[in-house]
$ cat work_0.pdb   # PDB, C-alpha atoms
MODEL        1
ATOM      1  CA  MET A   1      58.912 130.687  93.775
ATOM      2  CA  ALA A   2      62.558 131.746  93.488
ATOM      3  CA  THR A   3      65.261 129.183  92.903
ATOM      4  CA  PRO A   4      67.667 129.014  95.880
ATOM      5  CA  THR A   5      71.128 130.377  95.222
ATOM      6  CA  PRO A   6      73.793 127.694  95.644
ATOM      7  CA  PRO A   7      76.470 128.377  98.250
ATOM      8  CA  PRO A   8      79.798 129.727  96.985
ATOM      9  CA  PRO A   9      82.460 127.118  96.255
ATOM     10  CA  ALA A  10      84.587 126.166  99.224
ATOM     11  CA  SER A  11      88.263 127.034  99.280
ATOM     12  CA  PRO A  12      90.643 124.157  98.422
ATOM     13  CA  SER A  13      91.786 123.860 102.046
ATOM     14  CA  VAL A  14      88.185 123.373 103.201
ATOM     15  CA  ILE A  15      87.543 120.764 100.507
ATOM     16  CA  SER A  16      90.726 118.938 101.440
ATOM     17  CA  SER A  17      89.913 119.063 105.149
ATOM     18  CA  ASN A  18      86.353 117.827 104.640
ATOM     19  CA  HIS A  19      87.566 115.156 102.236
ATOM     20  CA  HIS A  20      89.891 113.648 104.850
ATOM     21  CA  GLN A  21      87.200 113.740 107.523
ATOM     22  CA  ASN A  22      84.929 111.620 105.316
ATOM     23  CA  LEU A  23      87.491 108.890 104.619
ATOM     24  CA  HIS A  24      87.188 105.464 106.187
ATOM     25  CA  SER A  25      89.836 102.937 107.102
ATOM     26  CA  VAL A  26      89.827  99.536 105.442
ATOM     27  CA  PHE A  27      91.305  96.171 106.448
ATOM     28  CA  VAL A  28      93.403  94.608 103.678
ATOM     29  CA  TYR A  29      95.002  91.175 103.436
ATOM     30  CA  GLY A  30      96.503  88.875 100.827
ATOM     31  CA  SER A  31      97.964  90.526  97.726
ATOM     32  CA  LEU A  32      96.789  93.950  98.942
ATOM     33  CA  LEU A  33      99.614  93.838 101.495
ATOM     34  CA  ALA A  34     102.101  94.445  98.648
ATOM     35  CA  ASP A  35     102.693  98.151  98.024
ATOM     36  CA  ASP A  36     103.263  97.599  94.290
ATOM     37  CA  VAL A  37      99.837  95.944  93.945
ATOM     38  CA  VAL A  38      98.106  98.754  95.857
ATOM     39  CA  LYS A  39      99.917 101.410  93.809
ATOM     40  CA  ALA A  40      98.827  99.721  90.563
ATOM     41  CA  LEU A  41      95.201  99.780  91.742
ATOM     42  CA  LEU A  42      95.019 103.197  93.435
ATOM     43  CA  ASN A  43      97.918 105.091  91.866
ATOM     44  CA  ARG A  44      99.150 105.712  95.425
ATOM     45  CA  VAL A  45      99.981 103.803  98.601
ATOM     46  CA  PRO A  46      97.727 104.934 101.467
ATOM     47  CA  GLN A  47      99.019 105.378 104.988
ATOM     48  CA  ASN A  48      98.647 102.027 106.788
ATOM     49  CA  SER A  49      99.571 100.074 109.889
ATOM     50  CA  PRO A  50      99.615  96.389 110.928
ATOM     51  CA  ALA A  51      96.236  95.030 111.973
ATOM     52  CA  ILE A  52      94.562  91.819 113.131
ATOM     53  CA  LEU A  53      90.967  90.953 112.325
ATOM     54  CA  ASP A  54      89.609  88.854 115.185
ATOM     55  CA  ASN A  55      87.052  86.077 114.688
ATOM     56  CA  PHE A  56      87.744  85.689 110.957
ATOM     57  CA  LYS A  57      89.793  83.096 109.075
ATOM     58  CA  ARG A  58      91.459  83.233 105.669
ATOM     59  CA  PHE A  59      90.499  80.514 103.168
ATOM     60  CA  SER A  60      91.599  79.564  99.677
ATOM     61  CA  ILE A  61      88.830  79.618  97.089
ATOM     62  CA  GLU A  62      88.821  76.654  94.729
ATOM     63  CA  GLY A  63      89.583  77.779  91.193
ATOM     64  CA  ARG A  64      90.560  81.318  92.269
ATOM     65  CA  ILE A  65      93.944  82.914  92.871
ATOM     66  CA  TYR A  66      92.738  85.217  95.649
ATOM     67  CA  PRO A  67      91.738  84.267  99.207
ATOM     68  CA  ALA A  68      88.559  85.016 101.135
ATOM     69  CA  ILE A  69      87.890  85.611 104.809
ATOM     70  CA  LEU A  70      84.902  84.254 106.675
ATOM     71  CA  PRO A  71      83.732  84.596 110.276
ATOM     72  CA  VAL A  72      85.234  81.859 112.482
ATOM     73  CA  GLU A  73      85.248  82.128 116.271
ATOM     74  CA  ASN A  74      88.658  82.327 117.925
ATOM     75  CA  ALA A  75      90.463  82.775 114.600
ATOM     76  CA  GLN A  76      92.515  85.738 113.353
ATOM     77  CA  VAL A  77      93.572  87.189 110.021
ATOM     78  CA  THR A  78      96.672  89.354 109.893
ATOM     79  CA  GLY A  79      96.710  92.252 107.504
ATOM     80  CA  ARG A  80      96.951  96.016 107.443
ATOM     81  CA  LYS A  81      94.592  98.865 108.240
ATOM     82  CA  SER A  82      94.773 101.435 105.435
ATOM     83  CA  TYR A  83      93.539 105.003 105.814
TER      84      TYR A  83
ENDMDL
END

$ encode --input "work_0.pdb" --output "structure tokens"
Amino acid sequence: MATPTPPPPASPSVISSNHHQNLHSVFVYGSLLADDVVKALLNRVPQNSPAILDNFKRFSIEGRIYPAILPVENAQVTGRKSY
């Protein structure tokens, strides 16, 4: 049985286009709202816009410096939607 021939490599514009189509948005809050923190983590600052996450509430975690969010009816967490 012959081994299938792989398809030719895609041109950079096709790779770039497909790459963007496969990206997801993410809700960020807390220290991830600061551009300098995001840049230190990702080496870039993604496009983003203000966002509200309904039916969640932000809580402090004992012994931790970062917050958490948990489902709570009629609550909201403000943050940003990053692309």

$ resolve_selection --input "work_0.pdb" --expression "the PyMOL selection byres ((chain A and resi 50) around 6)" --output "PyMOL selection string"
chain A and resi 49+51+80

$ resolve_selection --input "work_0.pdb" --expression "the PyMOL selection byres ((chain A and resi 25-40) around 6)" --output "number ranges by chain"
A: 24, 41-45, 79-83

$ atom_distance --input "work_0.pdb" --atom1 "atom CA of A:Phe56" --atom2 "atom CA of A:Thr78"
9.7 Å

$ resolve_selection --input "work_0.pdb" --expression "the PyMOL selection byres ((chain A and resi 73) around 8)" --output "list in words"
Asn55, Phe56, Pro71, Val72, Asn74 and Ala75 of chain A

$ residues_around --input "work_0.pdb" --residues "A:Ala68" --least-positions-apart "5" --cutoff "9 Å" --atoms "only C-alpha atoms" --output "count of residues only"
6

$ axis_aligned_box --input "work_0.pdb" --around "stretch 34-43 of chain A" --padding-each-side "3 Å" --output "JSON"
{"center_x": 99.1, "center_y": 99.8, "center_z": 94.6, "size_x": 14.2, "size_y": 16.6, "size_z": 14.1}
